[in-house]
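What follows is the content of input_35.cif (mmCIF, C-alpha atoms).
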```cif
data_data
#
loop_
_atom_site.group_PDB
_atom_site.id
_atom_site.type_symbol
_atom_site.label_atom_id
_atom_site.label_comp_id
_atom_site.auth_asym_id
_atom_site.auth_seq_id
_atom_site.Cartn_x
_atom_site.Cartn_y
_atom_site.Cartn_z
ATOM 1 C CA MET S 1 -38.891 16.357 3.128
ATOM 2 C CA THR S 2 -35.620 16.916 4.966
ATOM 3 C CA THR S 3 -35.139 20.334 6.567
ATOM 4 C CA ILE S 4 -32.133 22.053 8.125
ATOM 5 C CA ILE S 5 -33.677 21.180 11.502
ATOM 6 C CA ASP S 6 -33.336 17.495 10.580
ATOM 7 C CA LEU S 7 -29.761 18.075 9.453
ATOM 8 C CA ALA S 8 -28.934 19.860 12.700
ATOM 9 C CA ARG S 9 -30.345 16.968 14.720
ATOM 10 C CA LEU S 10 -28.525 14.293 12.715
ATOM 11 C CA SER S 11 -25.204 16.141 12.775
ATOM 12 C CA GLN S 12 -25.644 17.227 16.414
ATOM 13 C CA THR S 13 -25.107 20.859 15.514
ATOM 14 C CA SER S 14 -27.297 23.972 15.465
ATOM 15 C CA LYS S 15 -29.538 25.247 12.674
ATOM 16 C CA SER S 16 -27.301 28.281 12.275
ATOM 17 C CA THR S 17 -24.241 26.052 11.818
ATOM 18 C CA VAL S 18 -26.028 23.998 9.155
ATOM 19 C CA SER S 19 -27.097 27.215 7.460
ATOM 20 C CA ARG S 20 -23.498 28.482 7.370
ATOM 21 C CA VAL S 21 -22.361 25.296 5.622
ATOM 22 C CA ILE S 22 -25.185 25.455 3.067
ATOM 23 C CA THR S 23 -24.784 29.159 2.286
ATOM 24 C CA GLY S 24 -20.997 29.199 2.525
ATOM 25 C CA LYS S 25 -21.104 32.177 4.872
ATOM 26 C CA GLY S 26 -19.412 32.128 8.260
ATOM 27 C CA TYR S 27 -16.901 29.858 9.988
ATOM 28 C CA VAL S 28 -17.628 26.176 10.637
ATOM 29 C CA SER S 29 -15.053 23.824 12.157
ATOM 30 C CA ALA S 30 -13.793 20.946 10.058
ATOM 31 C CA ASP S 31 -15.428 18.300 12.285
ATOM 32 C CA LYS S 32 -18.838 19.975 12.235
ATOM 33 C CA ARG S 33 -18.654 20.578 8.488
ATOM 34 C CA LYS S 34 -17.850 16.893 7.951
ATOM 35 C CA ALA S 35 -20.790 15.829 10.129
ATOM 36 C CA ILE S 36 -23.190 18.148 8.292
ATOM 37 C CA LEU S 37 -22.034 17.018 4.837
ATOM 38 C CA LYS S 38 -22.482 13.415 5.980
ATOM 39 C CA ALA S 39 -26.050 14.186 7.113
ATOM 40 C CA ILE S 40 -26.771 15.906 3.768
ATOM 41 C CA LYS S 41 -25.542 12.846 1.894
ATOM 42 C CA GLU S 42 -27.496 10.365 4.048
ATOM 43 C CA THR S 43 -30.771 12.281 3.734
ATOM 44 C CA ASN S 44 -30.366 13.389 0.109
ATOM 45 C CA TYR S 45 -31.099 16.904 1.297
ATOM 46 C CA ILE S 46 -31.593 19.439 -1.501
ATOM 47 C CA PRO S 47 -31.447 23.184 -0.693
ATOM 48 C CA ASN S 48 -34.426 25.204 -1.878
ATOM 49 C CA ARG S 49 -32.370 26.952 -4.558
ATOM 50 C CA VAL S 50 -31.480 23.560 -5.994
ATOM 51 C CA ALA S 51 -35.115 22.477 -6.106
ATOM 52 C CA GLN S 52 -35.925 25.663 -7.993
ATOM 53 C CA ASN S 53 -33.090 25.123 -10.436
ATOM 54 C CA LEU S 54 -33.687 21.786 -12.140
ATOM 55 C CA LYS S 55 -30.963 20.178 -14.236
ATOM 56 C CA SER S 56 -32.680 21.364 -17.406
ATOM 57 C CA GLN S 57 -32.330 24.919 -16.086
ATOM 58 C CA GLN S 58 -28.594 25.030 -15.511
ATOM 59 C CA THR S 59 -26.876 28.265 -14.617
ATOM 60 C CA LYS S 60 -24.518 27.569 -17.552
ATOM 61 C CA THR S 61 -21.709 28.752 -15.285
ATOM 62 C CA ILE S 62 -18.511 26.949 -14.306
ATOM 63 C CA GLY S 63 -16.403 27.990 -11.336
ATOM 64 C CA PHE S 64 -12.648 28.256 -11.979
ATOM 65 C CA ILE S 65 -10.706 28.007 -8.704
ATOM 66 C CA ALA S 66 -7.038 28.821 -8.137
ATOM 67 C CA GLU S 67 -5.216 29.422 -4.874
ATOM 68 C CA ASP S 68 -3.471 32.438 -6.382
ATOM 69 C CA TYR S 69 -2.471 33.906 -9.725
ATOM 70 C CA PHE S 70 0.727 32.794 -11.454
ATOM 71 C CA SER S 71 1.899 33.097 -15.052
ATOM 72 C CA ILE S 72 0.685 29.773 -16.434
ATOM 73 C CA ALA S 73 -2.658 30.230 -14.627
ATOM 74 C CA GLY S 74 -3.457 33.075 -17.002
ATOM 75 C CA ASP S 75 -2.787 30.896 -20.049
ATOM 76 C CA PHE S 76 -4.848 28.017 -18.657
ATOM 77 C CA LEU S 77 -7.739 30.330 -17.750
ATOM 78 C CA ASN S 78 -7.684 31.930 -21.189
ATOM 79 C CA TYR S 79 -7.940 28.551 -22.929
ATOM 80 C CA PHE S 80 -10.625 27.346 -20.508
ATOM 81 C CA VAL S 81 -12.795 30.458 -20.962
ATOM 82 C CA LYS S 82 -12.535 30.263 -24.752
ATOM 83 C CA ILE S 83 -13.636 26.632 -24.982
ATOM 84 C CA ALA S 84 -16.427 27.231 -22.453
ATOM 85 C CA ALA S 85 -17.731 30.180 -24.486
ATOM 86 C CA LYS S 86 -17.779 27.985 -27.584
ATOM 87 C CA TYR S 87 -20.291 25.759 -25.778
ATOM 88 C CA ASP S 88 -22.272 28.713 -24.340
ATOM 89 C CA TYR S 89 -20.925 28.434 -20.793
ATOM 90 C CA ASN S 90 -19.730 31.296 -18.598
ATOM 91 C CA VAL S 91 -16.746 31.021 -16.260
ATOM 92 C CA ASN S 92 -16.515 32.669 -12.846
ATOM 93 C CA THR S 93 -12.961 32.949 -11.529
ATOM 94 C CA TYR S 94 -12.143 32.644 -7.819
ATOM 95 C CA PHE S 95 -8.710 33.194 -6.292
ATOM 96 C CA THR S 96 -9.282 31.551 -2.941
ATOM 97 C CA HIS S 97 -5.977 32.040 -1.012
ATOM 98 C CA ASN S 98 -7.143 29.980 2.000
ATOM 99 C CA GLU S 99 -9.093 26.862 2.973
ATOM 100 C CA LYS S 100 -12.170 28.733 4.208
ATOM 101 C CA ARG S 101 -12.633 30.710 1.010
ATOM 102 C CA GLU S 102 -12.167 27.617 -1.140
ATOM 103 C CA LEU S 103 -14.922 25.774 0.725
ATOM 104 C CA GLU S 104 -17.185 28.799 0.385
ATOM 105 C CA VAL S 105 -16.810 28.587 -3.391
ATOM 106 C CA LEU S 106 -17.452 24.843 -3.371
ATOM 107 C CA ASN S 107 -20.646 25.548 -1.436
ATOM 108 C CA LEU S 108 -21.822 27.468 -4.510
ATOM 109 C CA LEU S 109 -21.732 24.113 -6.268
ATOM 110 C CA MET S 110 -23.855 22.588 -3.530
ATOM 111 C CA SER S 111 -26.433 25.379 -3.815
ATOM 112 C CA LYS S 112 -26.364 25.114 -7.639
ATOM 113 C CA SER S 113 -25.106 28.651 -8.099
ATOM 114 C CA LEU S 114 -22.459 26.872 -10.190
ATOM 115 C CA ASP S 115 -23.010 23.858 -12.446
ATOM 116 C CA GLY S 116 -19.472 22.502 -12.119
ATOM 117 C CA VAL S 117 -16.056 23.441 -10.811
ATOM 118 C CA PHE S 118 -12.535 23.342 -12.186
ATOM 119 C CA ILE S 119 -9.694 23.499 -9.648
ATOM 120 C CA LEU S 120 -6.345 24.672 -10.977
ATOM 121 C CA THR S 121 -4.617 24.658 -7.591
ATOM 122 C CA THR S 122 -6.202 23.684 -4.308
ATOM 123 C CA VAL S 123 -5.695 24.724 -0.690
ATOM 124 C CA ASN S 124 -7.753 22.051 1.057
ATOM 125 C CA ASP S 125 -6.922 18.357 1.138
ATOM 126 C CA TRP S 126 -8.766 16.317 -1.461
ATOM 127 C CA ASP S 127 -10.713 14.386 1.182
ATOM 128 C CA LYS S 128 -12.479 17.665 2.040
ATOM 129 C CA ILE S 129 -13.271 18.357 -1.606
ATOM 130 C CA LEU S 130 -14.471 14.885 -2.650
ATOM 131 C CA PRO S 131 -17.888 15.111 -0.863
ATOM 132 C CA TYR S 132 -18.827 18.031 -3.107
ATOM 133 C CA THR S 133 -18.789 15.826 -6.220
ATOM 134 C CA ARG S 134 -22.313 14.695 -5.411
ATOM 135 C CA PHE S 135 -23.521 18.237 -6.112
ATOM 136 C CA GLY S 136 -21.832 18.603 -9.488
ATOM 137 C CA PRO S 137 -18.807 17.547 -11.530
ATOM 138 C CA ILE S 138 -15.313 18.636 -10.495
ATOM 139 C CA ALA S 139 -12.166 18.605 -12.615
ATOM 140 C CA THR S 140 -8.605 19.584 -11.803
ATOM 141 C CA TRP S 141 -5.213 20.241 -13.361
ATOM 142 C CA LYS S 142 -3.457 18.718 -10.355
ATOM 143 C CA ARG S 143 -2.266 15.151 -10.619
ATOM 144 C CA LEU S 144 -4.943 13.072 -8.906
ATOM 145 C CA ASP S 145 -5.998 9.445 -9.273
ATOM 146 C CA SER S 146 -9.718 9.528 -8.474
ATOM 147 C CA GLU S 147 -12.881 8.009 -9.884
ATOM 148 C CA LYS S 148 -14.901 11.053 -8.785
ATOM 149 C CA ILE S 149 -12.688 13.974 -9.823
ATOM 150 C CA TYR S 150 -11.300 14.228 -13.343
ATOM 151 C CA SER S 151 -7.617 15.125 -13.648
ATOM 152 C CA SER S 152 -6.100 16.377 -16.903
ATOM 153 C CA TYR S 153 -2.550 15.923 -15.620
ATOM 154 C CA VAL S 154 0.347 14.854 -17.803
ATOM 155 C CA ASP S 155 2.674 12.217 -16.349
ATOM 156 C CA HIS S 156 6.082 13.858 -15.894
ATOM 157 C CA TYR S 157 7.962 10.577 -15.424
ATOM 158 C CA PRO S 158 8.539 9.551 -19.087
ATOM 159 C CA ILE S 159 9.325 13.058 -20.365
ATOM 160 C CA TYR S 160 11.763 13.714 -17.498
ATOM 161 C CA LEU S 161 13.465 10.403 -18.192
ATOM 162 C CA GLN S 162 13.748 11.377 -21.852
ATOM 163 C CA ILE S 163 15.387 14.705 -20.930
ATOM 164 C CA LEU S 164 17.939 12.954 -18.708
ATOM 165 C CA ASN S 165 18.781 10.480 -21.458
ATOM 166 C CA ASP S 166 19.150 13.265 -24.016
ATOM 167 C CA LEU S 167 21.501 15.153 -21.689
ATOM 168 C CA ARG S 168 23.582 12.032 -21.096
ATOM 169 C CA ASN S 169 23.869 11.462 -24.839
ATOM 170 C CA ASP S 170 24.968 15.090 -25.128
ATOM 171 C CA GLY S 171 27.814 14.436 -22.703
ATOM 172 C CA ARG S 172 26.328 16.148 -19.655
ATOM 173 C CA THR S 173 27.683 14.389 -16.571
ATOM 174 C CA LYS S 174 26.293 16.648 -13.819
ATOM 175 C CA VAL S 175 22.671 17.789 -13.786
ATOM 176 C CA GLY S 176 20.908 20.036 -11.271
ATOM 177 C CA HIS S 177 17.192 19.972 -10.526
ATOM 178 C CA ILE S 178 14.872 22.762 -9.345
ATOM 179 C CA LEU S 179 11.797 20.832 -8.229
ATOM 180 C CA ASN S 180 8.292 21.689 -7.065
ATOM 181 C CA ASP S 181 6.900 20.857 -3.612
ATOM 182 C CA SER S 182 7.999 17.362 -2.593
ATOM 183 C CA ASN S 183 4.355 16.464 -1.822
ATOM 184 C CA SER S 184 3.259 17.188 -5.385
ATOM 185 C CA GLN S 185 2.475 13.999 -7.277
ATOM 186 C CA ASN S 186 4.280 15.280 -10.350
ATOM 187 C CA THR S 187 7.349 15.926 -8.185
ATOM 188 C CA VAL S 188 7.098 12.390 -6.825
ATOM 189 C CA ALA S 189 7.065 11.093 -10.416
ATOM 190 C CA THR S 190 9.997 13.337 -11.338
ATOM 191 C CA VAL S 191 12.082 12.225 -8.362
ATOM 192 C CA GLN S 192 11.368 8.605 -9.261
ATOM 193 C CA ALA S 193 12.590 9.257 -12.805
ATOM 194 C CA ILE S 194 15.809 10.736 -11.407
ATOM 195 C CA LYS S 195 16.305 7.726 -9.110
ATOM 196 C CA ASP S 196 15.674 5.200 -11.869
ATOM 197 C CA PHE S 197 17.978 7.021 -14.264
ATOM 198 C CA SER S 198 20.736 7.363 -11.644
ATOM 199 C CA LYS S 199 20.540 3.672 -10.857
ATOM 200 C CA LYS S 200 21.064 2.831 -14.526
ATOM 201 C CA TYR S 201 23.652 5.552 -15.190
ATOM 202 C CA PRO S 202 25.506 6.268 -11.921
ATOM 203 C CA GLU S 203 28.212 8.148 -13.836
ATOM 204 C CA VAL S 204 25.781 11.082 -14.225
ATOM 205 C CA ASN S 205 25.606 13.118 -11.015
ATOM 206 C CA ASN S 206 22.022 14.171 -10.167
ATOM 207 C CA ASP S 207 22.592 15.040 -6.498
ATOM 208 C CA TRP S 208 22.129 18.814 -6.881
ATOM 209 C CA GLN S 209 18.452 19.343 -6.025
ATOM 210 C CA VAL S 210 16.344 22.229 -4.686
ATOM 211 C CA PHE S 211 12.680 21.802 -3.709
ATOM 212 C CA HIS S 212 10.087 24.550 -3.666
ATOM 213 C CA HIS S 213 8.470 25.173 -0.288
ATOM 214 C CA SER S 214 5.293 27.152 0.363
ATOM 215 C CA GLY S 215 5.999 30.816 0.947
ATOM 216 C CA GLN S 216 9.443 30.632 -0.643
ATOM 217 C CA SER S 217 10.635 31.229 -4.200
ATOM 218 C CA ALA S 218 12.356 28.175 -5.635
ATOM 219 C CA HIS S 219 14.427 30.250 -8.044
ATOM 220 C CA LYS S 220 15.879 32.384 -5.239
ATOM 221 C CA MET S 221 16.809 29.352 -3.154
ATOM 222 C CA ALA S 222 18.313 27.656 -6.209
ATOM 223 C CA ALA S 223 20.296 30.719 -7.269
ATOM 224 C CA LYS S 224 21.689 31.175 -3.749
ATOM 225 C CA LYS S 225 22.744 27.528 -3.592
ATOM 226 C CA TRP S 226 24.208 27.655 -7.114
ATOM 227 C CA LEU S 227 26.247 30.778 -6.383
ATOM 228 C CA GLN S 228 27.579 29.502 -3.053
ATOM 229 C CA GLU S 229 28.886 26.184 -4.340
ATOM 230 C CA ALA S 230 32.177 25.928 -6.185
ATOM 231 C CA ASP S 231 31.192 23.074 -8.477
ATOM 232 C CA SER S 232 27.588 23.922 -9.332
ATOM 233 C CA PRO S 233 26.077 22.056 -12.309
ATOM 234 C CA LYS S 234 26.108 23.786 -15.666
ATOM 235 C CA THR S 235 22.950 21.954 -16.652
ATOM 236 C CA ILE S 236 19.722 22.701 -14.775
ATOM 237 C CA ILE S 237 16.220 21.278 -15.212
ATOM 238 C CA CYS S 238 13.514 23.479 -13.660
ATOM 239 C CA TYR S 239 9.892 22.500 -13.065
ATOM 240 C CA ASN S 240 8.374 25.542 -14.798
ATOM 241 C CA ASP S 241 9.240 28.527 -16.970
ATOM 242 C CA TYR S 242 8.494 31.097 -14.280
ATOM 243 C CA GLU S 243 11.016 29.691 -11.814
ATOM 244 C CA ALA S 244 13.541 29.085 -14.605
ATOM 245 C CA SER S 245 13.341 32.708 -15.736
ATOM 246 C CA GLY S 246 13.591 33.860 -12.119
ATOM 247 C CA PHE S 247 16.709 31.725 -11.679
ATOM 248 C CA MET S 248 18.289 33.368 -14.727
ATOM 249 C CA LEU S 249 17.489 36.861 -13.446
ATOM 250 C CA GLU S 250 18.903 36.103 -9.992
ATOM 251 C CA LEU S 251 22.201 35.073 -11.589
ATOM 252 C CA LYS S 252 22.140 38.181 -13.759
ATOM 253 C CA LYS S 253 21.985 40.318 -10.610
ATOM 254 C CA HIS S 254 25.404 38.871 -9.793
ATOM 255 C CA HIS S 255 26.645 39.681 -13.298
ATOM 256 C CA LEU S 256 26.410 36.079 -14.426
ATOM 257 C CA ILE S 257 24.777 35.302 -17.745
ATOM 258 C CA LEU S 258 24.203 31.737 -18.880
ATOM 259 C CA ASN S 259 25.926 31.155 -22.217
ATOM 260 C CA HIS S 260 26.277 28.152 -24.529
ATOM 261 C CA ASP S 261 28.388 26.342 -21.917
ATOM 262 C CA TYR S 262 25.289 26.169 -19.735
ATOM 263 C CA GLN S 263 21.920 24.568 -20.333
ATOM 264 C CA LEU S 264 18.619 25.434 -18.660
ATOM 265 C CA ILE S 265 15.558 23.330 -19.429
ATOM 266 C CA SER S 266 12.104 24.074 -18.061
ATOM 267 C CA PHE S 267 8.457 23.037 -18.356
ATOM 268 C CA ASP S 268 5.266 24.642 -19.785
ATOM 269 C CA ASN S 269 6.614 26.246 -23.000
ATOM 270 C CA SER S 270 4.897 29.489 -22.019
ATOM 271 C CA HIS S 271 5.517 32.964 -23.416
ATOM 272 C CA LEU S 272 8.384 33.334 -20.927
ATOM 273 C CA SER S 273 10.363 30.469 -22.435
ATOM 274 C CA LYS S 274 9.839 31.869 -25.920
ATOM 275 C CA VAL S 275 10.912 35.393 -24.959
ATOM 276 C CA LEU S 276 13.970 34.208 -23.034
ATOM 277 C CA GLY S 277 14.968 31.532 -25.529
ATOM 278 C CA LEU S 278 14.627 28.643 -23.064
ATOM 279 C CA THR S 279 14.346 25.006 -24.018
ATOM 280 C CA SER S 280 11.020 23.999 -22.488
ATOM 281 C CA VAL S 281 8.653 21.033 -22.422
ATOM 282 C CA ASP S 282 5.322 21.749 -24.087
ATOM 283 C CA LEU S 283 2.773 20.076 -21.811
ATOM 284 C CA LYS S 284 -0.095 21.049 -24.128
ATOM 285 C CA ILE S 285 -1.796 23.421 -21.696
ATOM 286 C CA GLN S 286 -4.533 24.287 -24.180
ATOM 287 C CA GLN S 287 -5.471 20.636 -24.649
ATOM 288 C CA GLN S 288 -5.413 20.063 -20.886
ATOM 289 C CA ALA S 289 -7.773 23.009 -20.365
ATOM 290 C CA GLU S 290 -10.118 21.834 -23.106
ATOM 291 C CA ASN S 291 -10.147 18.241 -21.820
ATOM 292 C CA SER S 292 -11.083 19.527 -18.363
ATOM 293 C CA PHE S 293 -14.005 21.491 -19.778
ATOM 294 C CA PHE S 294 -15.095 18.546 -21.951
ATOM 295 C CA TYR S 295 -15.325 16.381 -18.831
ATOM 296 C CA LEU S 296 -17.526 18.916 -17.042
ATOM 297 C CA TYR S 297 -19.688 19.444 -20.127
ATOM 298 C CA ASN S 298 -20.119 15.718 -20.738
ATOM 299 C CA GLN S 299 -21.146 15.139 -17.137
ATOM 300 C CA LEU S 300 -23.638 18.002 -17.169
ATOM 301 C CA ASN S 301 -25.186 17.231 -20.543
ATOM 302 C CA ASP S 302 -24.849 13.448 -20.832
ATOM 303 C CA THR S 303 -22.680 13.798 -23.934
ATOM 304 C CA LYS S 304 -19.441 12.166 -25.046
ATOM 305 C CA ILE S 305 -17.205 14.833 -26.533
ATOM 306 C CA PRO S 306 -13.862 13.033 -27.121
ATOM 307 C CA TYR S 307 -10.754 14.127 -25.237
ATOM 308 C CA HIS S 308 -7.545 15.302 -26.880
ATOM 309 C CA SER S 309 -4.647 12.866 -26.844
ATOM 310 C CA ILE S 310 -1.751 14.666 -25.165
ATOM 311 C CA GLU S 311 1.900 13.972 -25.929
ATOM 312 C CA PRO S 312 4.467 16.334 -24.307
ATOM 313 C CA LYS S 313 7.211 17.617 -26.581
ATOM 314 C CA ILE S 314 10.571 19.219 -25.872
ATOM 315 C CA ILE S 315 10.731 22.585 -27.660
ATOM 316 C CA SER S 316 13.961 24.477 -28.301
ATOM 317 C CA ASN S 317 13.294 28.235 -28.204
ATOM 318 C CA GLU S 318 16.941 29.224 -28.567
ATOM 319 C CA PHE S 319 17.585 32.354 -30.613
#
```

What would the structure in this file look like if it were written as structure tokens?
Amino acid sequence: MTTIIDLARLSQTSKSTVSRVITGKGYVSADKRKAILKAIKETNYIPNRVAQNLKSQQTKTIGFIAEDYFSIAGDFLNYFVKIAAKYDYNVNTYFTHNEKRELEVLNLLMSKSLDGVFILTTVNDWDKILPYTRFGPIATWKRLDSEKIYSSYVDHYPIYLQILNDLRNDGRTKVGHILNDSNSQNTVATVQAIKDFSKKYPEVNNDWQVFHHSGQSAHKMAAKKWLQEADSPKTIICYNDYEASGFMLELKKHHLILNHDYQLISFDNSHLSKVLGLTSVDLKIQQQAENSFFYLYNQLNDTKIPYHSIEPKIISNEF
């Protein structure tokens, strides 16, 4: 039977370092953590708590991880908790904020304190998270093409292309874009849609673009740029309702209110878009949350609950 002494020898680290990785307590460098996880995988090491908690004796608890709280996170969590409760599962929520804390939570999966994990937003790179799939199923909302981690993402390319075509048919010849982080896969898909559309219809100007960067508010950057330029676009597509509403409020501070001459389209179709009367893309958050839970449940219980078919829809919430 493999012990932590064996793991320490194989990974060329100390027993205390191995213990910190297994318990999730204390700092371990990335290189040492990688070596220890490799040794665990090669030896099929099972912590004592795992041996005492056989698959038939699940904790019936799913970990819900998010880097931080934001408006749509509350909606997603609400839907996820409700569907989990329907199948007699509890949900523990963790706002991780940094790489170290996120790995500590994932270590709860390794020690079987959690049966599975859902990741709404992640701090660590996926290559650091992938090794944990051998300890339990992992699902995410982030766009990810992986055989080991389920992703409930909705492809933004076709719906964004549809919006651009609708705007062109409506006579809009200049469109601005408030976009998420350029490294986001959904942003990559969105940018590709803009490029493909612009190549086909060069008469529509799509050059006005603002990207969200970590630690900065996209709506503030966009509003500043919009106010400073003389010929700012009267049509704006924003990547979510929160930033779209923030953009509107920033303009309002300068005594500017968007009227029928302007058009602001966003994504999520959350309560914000309904309250503010925004046109927004319904990405079927409830169905995404339920599909994510179904994946985890199916993996844990060897069942085949069918997934929802998701088709985004543009919703006009104008008063």

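Every protein or nucleic acid residue with an atom no more than 9 Å from Ser151 (chain S), counting all atoms listed in the file and leaving out same-chain residues fewer than 4 positions away, appears here: Ala139, Thr140, Trp141, Lys142, Arg143, Leu144, Asp145, Ser146 and Ser292 of chain S.
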
- Message: List the spatial neighbours of region 10-19 of chain S as a PyMOL selection string - criterion: any atom at most 12 Å away, all atoms listed in the file, same-chain residues fewer than 6 positions off excluded.
- Response: chain S and resi 2-4+25-43+45+47+107+111

Edge lengths and centre in Å to one decimal, as lines of an AutoDock Vina configuration file, is what I'm after for the box along x, y and z that holds all listed atoms of region 210-227 of chain S once 5 Å is added on each side.
```
center_x = 15.8
center_y = 27.1
center_z = -3.5
size_x = 31.0
size_y = 20.6
size_z = 19.0
```

- Message: Given only C-alpha atoms as the basis, pick out the residue of S:Ile5, S:Leu264, S:Ala289, S:Ile72 nearest to His308 (chain S).
- Response: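 Between S:Ile5, S:Leu264, S:Ala289, S:Ile72, the residue approaching His308 (chain S) most closely is S:Ala289.
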
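With only C-alpha atoms taken into account, the protein and nucleic acid residues at most 10 Å from Gly176 (chain S) (excluding it and anything under 2 positions from it in its own chain) are S:Lys174, S:Ile178, S:Leu179, S:Asn205, S:Asn206, S:Asp207, S:Trp208, S:Gln209, S:Val210, S:Ala222, S:Trp226, S:Ser232, S:Pro233, S:Lys234, S:Thr235, S:Ile236, S:Ile237, S:Cys238, S:Leu264.
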
- Message: List as a list in words the residues having at least one atom at most 10 Å from position (6.6, 16.0, -27.3) as given in the file, counting only C-alpha atoms.
- Response: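 Counting only C-alpha atoms, I find these residues within 10 Å of (6.6, 16.0, -27.3): Ile159, Val281, Asp282, Leu283, Lys284, Ile310, Glu311, Pro312, Lys313, Ile314 and Ile315 of chain S.
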
Could the residues in this selection be written to a file with C-alpha atoms, as a CSV table (one decimal), in the frame of the given file?
```csv
chain,number,residue,atom,x,y,z
S,159,ILE,CA,9.3,13.1,-20.4
S,281,VAL,CA,8.7,21.0,-22.4
S,282,ASP,CA,5.3,21.7,-24.1
S,283,LEU,CA,2.8,20.1,-21.8
S,284,LYS,CA,-0.1,21.0,-24.1
S,310,ILE,CA,-1.8,14.7,-25.2
S,311,GLU,CA,1.9,14.0,-25.9
S,312,PRO,CA,4.5,16.3,-24.3
S,313,LYS,CA,7.2,17.6,-26.6
S,314,ILE,CA,10.6,19.2,-25.9
S,315,ILE,CA,10.7,22.6,-27.7
```
